[in-house]
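Here is the structure we will look at.
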Amino acid sequence: MATTDTKNYKLNHSMPRIRIKDPKESVKFYEFLGMSLLKKLEFPDAKFDLYFLGYDGPKARSHGNTVFDREGLIELTHNYGTENDPEYTVNNGNKEPHRGFGHTCISVDNIQAACKRIEDAGYKFQKKLTDGRMKHIAFALDPDGYWVEIIGQKPVDQTADVKETDPQNHTMIRVKDIEKSLKFYQDICGMSLVRTIENKDAGFNLYFLGYTGGRTLDSESEIPHLEGLLELTWNYGTEKDENFKYHNGNDQPQGFGHICITVDNVEEACKRFEDLQCNWKKRLTDGRMKNVAFLLDPDGYWVEVVQNERFAGKENF
């Protein structure tokens, strides 16, 4: 009898579907950060293409795996013609009144060397290492203005750089009610809470979740080396405001699309979600694509559910 086990789930693309203007420029940027273009899916009838990028060096955690048997990928969505439209822009999720998605994050061996390399290449920063009080993180801007956080794995006295083994560490989204969000991602999606950072003076907390295979982390020093974490940012008091809501990225103006989890048996997983009375954007039986489904989290963010190709023995597309 077919079953499903959340210990087999993965956070496949965690800055997943972000809409981009020019795929040449966006792919070039993420390859400059050390990622590889792992797969391109073309949908000419629907007039869009998908680009899946991730770290794929010989020492990368997911090296050699198929696209939907990986964690920490970035999926870029290009709608045909946007590159030739001077008026086309995306919502990066960080500007009022359309805040929601915050950033993706990569961890690097030497943050100073990595940031210098990015700056020398002419890419812009939302925050340099020298800006503000937090001197240990930086935020680069991709060609569409999405924020990419840069964090360090090791002491800065080592000579290192962004490379093919650096993980795509996490994606941040803002949530209104942290209790509801934690319940959804832990109880429904099967993630584990691996770290909590309280910022009481600033009025917000950060919660990092991921799939650890049921394993408890030995220490927080493991976290920068993990792939595909989800960071929830909760600003105190938002849960008490009936009218407060975050922008899910799929309503206008669009930008961020969804995160994605891969499961061991997509039919059984969706049956489980149905039994748990989850909210759906798209069931497996809806529309033309019968191999993907989309849940809605408590804030209305889309969570794609697809088959892990390793368990199916064949590729999804």
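Residue names in the structure tokens use chain letters A, B, ... in the order shown, residue numbers from 1 in each chain, and ligand numbers from 1 in the order shown.
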
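The protein and nucleic acid residues lying at most 12 Å from Thr238 (chain A) are Arg174, Val175, Lys176, Asp177, Ile178, Glu179, Gly203, Phe204, Thr233, Trp234, Asn235, Tyr236, Lys240, Asp241, Glu242, Asn243, Phe244, Lys245, Tyr246 and Asp299 of chain A, with only C-alpha atoms considered and sequence neighbours fewer than 2 positions away removed.
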
For this session: Would you list the contacts of Glu304 (chain A) as a PyMOL selection string, taking every protein, DNA or RNA residue within 7 Å and counting only C-alpha atoms, but skipping same-chain residues closer than 6 positions in sequence?
Result: chain A and resi 258-261+292-295

Exercise. Could you pull the residues within 6 Å of region 49-64 of chain A, counting only C-alpha atoms, minus those fewer than 5 positions along the same chain, as number ranges by chain?
Worked result: A: 35-43, 70, 73-78, 164-165

Deliver the residues from the most recent selection as a file, using N, CA, C and O atoms, as a compact mmCIF listing (two decimals), in the first residue's frame.
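After the write, again.txt holds the following:
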```txt
# COMPACT_ATOMS: atom_id res chain seq x y z
N MET A 35 26.34 29.27 -8.91
CA MET A 35 25.33 28.28 -9.22
C MET A 35 25.49 27.77 -10.64
O MET A 35 26.14 28.39 -11.48
N SER A 36 24.87 26.63 -10.91
CA SER A 36 24.84 26.04 -12.25
C SER A 36 23.39 25.98 -12.73
O SER A 36 22.47 25.75 -11.94
N LEU A 37 23.21 26.19 -14.04
CA LEU A 37 21.90 25.99 -14.63
C LEU A 37 21.68 24.49 -14.79
O LEU A 37 22.32 23.84 -15.60
N LEU A 38 20.79 23.95 -13.98
CA LEU A 38 20.60 22.50 -13.92
C LEU A 38 19.55 22.01 -14.91
O LEU A 38 19.61 20.87 -15.37
N LYS A 39 18.57 22.85 -15.18
CA LYS A 39 17.50 22.42 -16.09
C LYS A 39 16.75 23.65 -16.59
O LYS A 39 16.56 24.61 -15.85
N LYS A 40 16.34 23.58 -17.84
CA LYS A 40 15.47 24.60 -18.42
C LYS A 40 14.24 23.90 -18.98
O LYS A 40 14.36 22.94 -19.74
N LEU A 41 13.07 24.35 -18.56
CA LEU A 41 11.82 23.82 -19.07
C LEU A 41 11.15 24.88 -19.94
O LEU A 41 10.98 26.02 -19.49
N GLU A 42 10.80 24.51 -21.14
CA GLU A 42 10.20 25.46 -22.07
C GLU A 42 8.72 25.15 -22.27
O GLU A 42 8.34 23.99 -22.48
N PHE A 43 7.90 26.19 -22.19
CA PHE A 43 6.46 26.05 -22.39
C PHE A 43 6.02 27.09 -23.43
O PHE A 43 5.36 28.08 -23.10
N ARG A 70 16.47 17.49 -5.07
CA ARG A 70 17.45 18.42 -4.53
C ARG A 70 16.78 19.37 -3.55
O ARG A 70 15.55 19.45 -3.47
N LEU A 73 17.19 25.01 -4.48
CA LEU A 73 17.27 25.52 -5.84
C LEU A 73 16.59 26.88 -5.95
O LEU A 73 15.77 27.26 -5.13
N ILE A 74 16.93 27.58 -7.01
CA ILE A 74 16.26 28.82 -7.38
C ILE A 74 15.59 28.59 -8.74
O ILE A 74 16.23 28.09 -9.67
N GLU A 75 14.32 28.90 -8.82
CA GLU A 75 13.59 28.76 -10.08
C GLU A 75 13.26 30.15 -10.60
O GLU A 75 12.62 30.95 -9.92
N LEU A 76 13.71 30.44 -11.80
CA LEU A 76 13.44 31.72 -12.45
C LEU A 76 12.37 31.51 -13.51
O LEU A 76 12.45 30.58 -14.31
N THR A 77 11.37 32.37 -13.52
CA THR A 77 10.30 32.31 -14.50
C THR A 77 10.40 33.49 -15.45
O THR A 77 10.37 34.65 -15.01
N HIS A 78 10.51 33.19 -16.74
CA HIS A 78 10.57 34.24 -17.75
C HIS A 78 9.35 34.17 -18.65
O HIS A 78 9.12 33.16 -19.33
N GLU A 164 31.10 26.54 -6.18
CA GLU A 164 30.04 25.60 -6.47
C GLU A 164 29.60 24.76 -5.28
O GLU A 164 28.63 24.02 -5.38
N THR A 165 30.28 24.85 -4.15
CA THR A 165 29.85 24.09 -2.97
C THR A 165 29.12 24.95 -1.97
O THR A 165 28.64 24.45 -0.96
```

Exercise. Restricting the calculation to only C-alpha atoms, which member of A:Leu141, A:Glu227, A:Gly190, A:Trp302 is positioned closest to Asn94 (chain A)?
Worked result: A:Leu141

For this session: Please give the complete set of residues from region 86-187 of chain A that DSSP, run on the backbone, assigns to strand (DSSP E), formatted as a ChimeraX atom specification.
Result: /A:101-108,125-127,138-141,147-152,168-175

Exercise. Expressed in Å to a single decimal, how great is the separation between CA of Leu206 (chain A) and CA of Glu231 (chain A)?
Worked result: 6.6 Å

Exercise. What's the 10 Å shell around region 82-86 of chain A, counting only C-alpha atoms, without same-chain residues fewer than 6 positions away, as a ChimeraX atom specification?
Worked result: /A:19-25

Problem set entry | Neighbour list for Val148 (chain A) as a PyMOL selection string, cut-off 9 Å, only C-alpha atoms, skip fewer than 5 positions in-chain | chain A and resi 103-106+125-126+138-142

Can I get the selection written as a PDB file, in the first residue's frame, with all heavy atoms?
```pdb
ATOM      1  N   HIS A 103      13.856  37.835   0.923  1.00  0.00           N
ATOM      2  CA  HIS A 103      15.132  37.614   0.236  1.00  0.00           C
ATOM      3  C   HIS A 103      15.442  36.134   0.163  1.00  0.00           C
ATOM      4  O   HIS A 103      14.821  35.313   0.833  1.00  0.00           O
ATOM      5  CB  HIS A 103      16.276  38.333   0.965  1.00  0.00           C
ATOM      6  CG  HIS A 103      16.467  37.880   2.385  1.00  0.00           C
ATOM      7  ND1 HIS A 103      16.021  38.616   3.463  1.00  0.00           N
ATOM      8  CD2 HIS A 103      17.060  36.776   2.920  1.00  0.00           C
ATOM      9  CE1 HIS A 103      16.322  37.995   4.582  1.00  0.00           C
ATOM     10  NE2 HIS A 103      16.956  36.864   4.286  1.00  0.00           N
ATOM     11  N   THR A 104      16.407  35.813  -0.657  1.00  0.00           N
ATOM     12  CA  THR A 104      17.066  34.526  -0.600  1.00  0.00           C
ATOM     13  C   THR A 104      18.436  34.755   0.020  1.00  0.00           C
ATOM     14  O   THR A 104      18.863  35.895   0.212  1.00  0.00           O
ATOM     15  CB  THR A 104      17.197  33.883  -1.981  1.00  0.00           C
ATOM     16  OG1 THR A 104      17.649  32.532  -1.818  1.00  0.00           O
ATOM     17  CG2 THR A 104      18.145  34.634  -2.863  1.00  0.00           C
ATOM     18  N   CYS A 105      19.132  33.676   0.359  1.00  0.00           N
ATOM     19  CA  CYS A 105      20.411  33.814   1.061  1.00  0.00           C
ATOM     20  C   CYS A 105      21.366  32.719   0.619  1.00  0.00           C
ATOM     21  O   CYS A 105      20.978  31.560   0.484  1.00  0.00           O
ATOM     22  CB  CYS A 105      20.184  33.710   2.576  1.00  0.00           C
ATOM     23  SG  CYS A 105      21.701  33.664   3.556  1.00  0.00           S
ATOM     24  N   ILE A 106      22.629  33.105   0.390  1.00  0.00           N
ATOM     25  CA  ILE A 106      23.685  32.125   0.176  1.00  0.00           C
ATOM     26  C   ILE A 106      24.721  32.293   1.274  1.00  0.00           C
ATOM     27  O   ILE A 106      24.942  33.397   1.780  1.00  0.00           O
ATOM     28  CB  ILE A 106      24.354  32.263  -1.208  1.00  0.00           C
ATOM     29  CG1 ILE A 106      25.046  33.621  -1.366  1.00  0.00           C
ATOM     30  CG2 ILE A 106      23.342  32.041  -2.321  1.00  0.00           C
ATOM     31  CD1 ILE A 106      25.922  33.711  -2.609  1.00  0.00           C
ATOM     32  N   PHE A 125      24.344  46.727  -4.335  1.00  0.00           N
ATOM     33  CA  PHE A 125      24.032  46.204  -3.009  1.00  0.00           C
ATOM     34  C   PHE A 125      22.891  46.992  -2.390  1.00  0.00           C
ATOM     35  O   PHE A 125      22.817  48.212  -2.518  1.00  0.00           O
ATOM     36  CB  PHE A 125      25.254  46.292  -2.086  1.00  0.00           C
ATOM     37  CG  PHE A 125      26.266  45.201  -2.301  1.00  0.00           C
ATOM     38  CD1 PHE A 125      27.141  45.249  -3.372  1.00  0.00           C
ATOM     39  CD2 PHE A 125      26.339  44.120  -1.442  1.00  0.00           C
ATOM     40  CE1 PHE A 125      28.071  44.252  -3.585  1.00  0.00           C
ATOM     41  CE2 PHE A 125      27.263  43.105  -1.640  1.00  0.00           C
ATOM     42  CZ  PHE A 125      28.137  43.174  -2.713  1.00  0.00           C
ATOM     43  N   GLN A 126      22.008  46.277  -1.707  1.00  0.00           N
ATOM     44  CA  GLN A 126      21.039  46.929  -0.830  1.00  0.00           C
ATOM     45  C   GLN A 126      21.715  47.325   0.474  1.00  0.00           C
ATOM     46  O   GLN A 126      21.430  48.370   1.046  1.00  0.00           O
ATOM     47  CB  GLN A 126      19.862  45.980  -0.543  1.00  0.00           C
ATOM     48  CG  GLN A 126      18.836  46.522   0.443  1.00  0.00           C
ATOM     49  CD  GLN A 126      18.101  47.729  -0.092  1.00  0.00           C
ATOM     50  OE1 GLN A 126      17.946  47.890  -1.292  1.00  0.00           O
ATOM     51  NE2 GLN A 126      17.641  48.591   0.811  1.00  0.00           N
ATOM     52  N   ALA A 138      25.544  40.993   4.343  1.00  0.00           N
ATOM     53  CA  ALA A 138      25.362  41.961   3.264  1.00  0.00           C
ATOM     54  C   ALA A 138      24.178  41.503   2.417  1.00  0.00           C
ATOM     55  O   ALA A 138      23.763  40.336   2.473  1.00  0.00           O
ATOM     56  CB  ALA A 138      26.621  42.063   2.409  1.00  0.00           C
ATOM     57  N   PHE A 139      23.639  42.433   1.636  1.00  0.00           N
ATOM     58  CA  PHE A 139      22.544  42.121   0.726  1.00  0.00           C
ATOM     59  C   PHE A 139      22.896  42.640  -0.663  1.00  0.00           C
ATOM     60  O   PHE A 139      22.954  43.853  -0.876  1.00  0.00           O
ATOM     61  CB  PHE A 139      21.225  42.748   1.188  1.00  0.00           C
ATOM     62  CG  PHE A 139      20.600  42.079   2.375  1.00  0.00           C
ATOM     63  CD1 PHE A 139      20.949  42.455   3.663  1.00  0.00           C
ATOM     64  CD2 PHE A 139      19.665  41.066   2.206  1.00  0.00           C
ATOM     65  CE1 PHE A 139      20.378  41.848   4.770  1.00  0.00           C
ATOM     66  CE2 PHE A 139      19.084  40.444   3.301  1.00  0.00           C
ATOM     67  CZ  PHE A 139      19.438  40.830   4.593  1.00  0.00           C
ATOM     68  N   ALA A 140      23.141  41.713  -1.589  1.00  0.00           N
ATOM     69  CA  ALA A 140      23.344  42.087  -2.984  1.00  0.00           C
ATOM     70  C   ALA A 140      21.990  42.178  -3.671  1.00  0.00           C
ATOM     71  O   ALA A 140      20.987  41.639  -3.192  1.00  0.00           O
ATOM     72  CB  ALA A 140      24.226  41.064  -3.683  1.00  0.00           C
ATOM     73  N   LEU A 141      21.948  42.869  -4.809  1.00  0.00           N
ATOM     74  CA  LEU A 141      20.729  42.988  -5.601  1.00  0.00           C
ATOM     75  C   LEU A 141      20.905  42.260  -6.925  1.00  0.00           C
ATOM     76  O   LEU A 141      21.899  42.475  -7.626  1.00  0.00           O
ATOM     77  CB  LEU A 141      20.402  44.459  -5.867  1.00  0.00           C
ATOM     78  CG  LEU A 141      20.021  45.308  -4.651  1.00  0.00           C
ATOM     79  CD1 LEU A 141      19.871  46.772  -5.053  1.00  0.00           C
ATOM     80  CD2 LEU A 141      18.731  44.799  -4.014  1.00  0.00           C
ATOM     81  N   ASP A 142      19.954  41.399  -7.248  1.00  0.00           N
ATOM     82  CA  ASP A 142      20.033  40.730  -8.542  1.00  0.00           C
ATOM     83  C   ASP A 142      19.526  41.682  -9.627  1.00  0.00           C
ATOM     84  O   ASP A 142      19.105  42.809  -9.322  1.00  0.00           O
ATOM     85  CB  ASP A 142      19.300  39.380  -8.490  1.00  0.00           C
ATOM     86  CG  ASP A 142      17.820  39.460  -8.847  1.00  0.00           C
ATOM     87  OD1 ASP A 142      17.232  40.569  -8.862  1.00  0.00           O
ATOM     88  OD2 ASP A 142      17.233  38.394  -9.129  1.00  0.00           O
TER      89      ASP A 142
END
```

For this session: May I have the residues within 7 Å of Val90 (chain A) as a ChimeraX atom specification, using only C-alpha atoms and disregarding those fewer than 6 positions away in the same chain?
Result: /A:19,144,254-255

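Take CA of Val27 (chain A) and CA of Asn291 (chain A): the distance between them is 26.3 Å.
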
Exercise. Residues at most 6 Å from Glu71 (chain A), counting only C-alpha atoms, excluding those fewer than 4 positions away in the same chain, as a list in words?
Worked result: Leu11, Asn12, Glu227 and Gly228 of chain A

Selection to disk with all heavy atoms, as an mmCIF file, in the first residue's frame:
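Generated output (part-v3.cif):
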```
data_model
loop_
_atom_site.group_PDB
_atom_site.id
_atom_site.type_symbol
_atom_site.label_atom_id
_atom_site.label_comp_id
_atom_site.auth_asym_id
_atom_site.auth_seq_id
_atom_site.Cartn_x
_atom_site.Cartn_y
_atom_site.Cartn_z
ATOM 1 N N LEU A 11 12.708 20.701 0.834
ATOM 2 C CA LEU A 11 12.382 22.048 0.390
ATOM 3 C C LEU A 11 13.162 22.276 -0.897
ATOM 4 O O LEU A 11 14.309 22.675 -0.876
ATOM 5 C CB LEU A 11 12.745 23.072 1.453
ATOM 6 C CG LEU A 11 12.259 24.504 1.219
ATOM 7 C CD1 LEU A 11 10.758 24.562 1.058
ATOM 8 C CD2 LEU A 11 12.701 25.410 2.352
ATOM 9 N N ASN A 12 12.520 22.013 -2.016
ATOM 10 C CA ASN A 12 13.231 21.874 -3.286
ATOM 11 C C ASN A 12 13.727 23.198 -3.823
ATOM 12 O O ASN A 12 14.926 23.396 -4.007
ATOM 13 C CB ASN A 12 12.326 21.197 -4.310
ATOM 14 C CG ASN A 12 12.950 21.042 -5.661
ATOM 15 O OD1 ASN A 12 12.561 21.713 -6.599
ATOM 16 N ND2 ASN A 12 13.947 20.182 -5.779
ATOM 17 N N GLU A 227 21.209 23.367 3.219
ATOM 18 C CA GLU A 227 20.557 23.860 2.014
ATOM 19 C C GLU A 227 19.061 24.012 2.275
ATOM 20 O O GLU A 227 18.473 23.268 3.047
ATOM 21 C CB GLU A 227 20.745 22.882 0.857
ATOM 22 C CG GLU A 227 22.158 22.749 0.365
ATOM 23 C CD GLU A 227 22.259 21.762 -0.781
ATOM 24 O OE1 GLU A 227 21.653 20.679 -0.693
ATOM 25 O OE2 GLU A 227 22.952 22.072 -1.761
ATOM 26 N N GLY A 228 18.446 24.983 1.599
ATOM 27 C CA GLY A 228 16.998 25.021 1.534
ATOM 28 C C GLY A 228 16.261 25.230 2.830
ATOM 29 O O GLY A 228 15.272 24.543 3.093
#
```

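Our summary of the geometry notes that CA of Ser192 (chain A) is positioned 10.4 Å from CA of Tyr207 (chain A).
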
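Those residues in region 90-248 of chain A carrying a DSSP assignment of alpha helix (DSSP H), computed from the backbone, are Ile111, Gln112, Ala113, Ala114, Cys115, Lys116, Arg117, Ile118, Glu119, Asp120, Ile178, Glu179, Lys180, Ser181, Leu182 and Lys183 of chain A.
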
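Proximity of A:Lys281, A:Lys116, A:Lys314, A:Arg272 to Asp5 (chain A), computed with only C-alpha atoms, is greatest for A:Arg272.
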
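When only C-alpha atoms are used to compute distances to Glu315 (chain A), the closest of the residues A:Asn8, A:Thr196, A:Asn65, A:Thr130 turns out to be A:Asn65.
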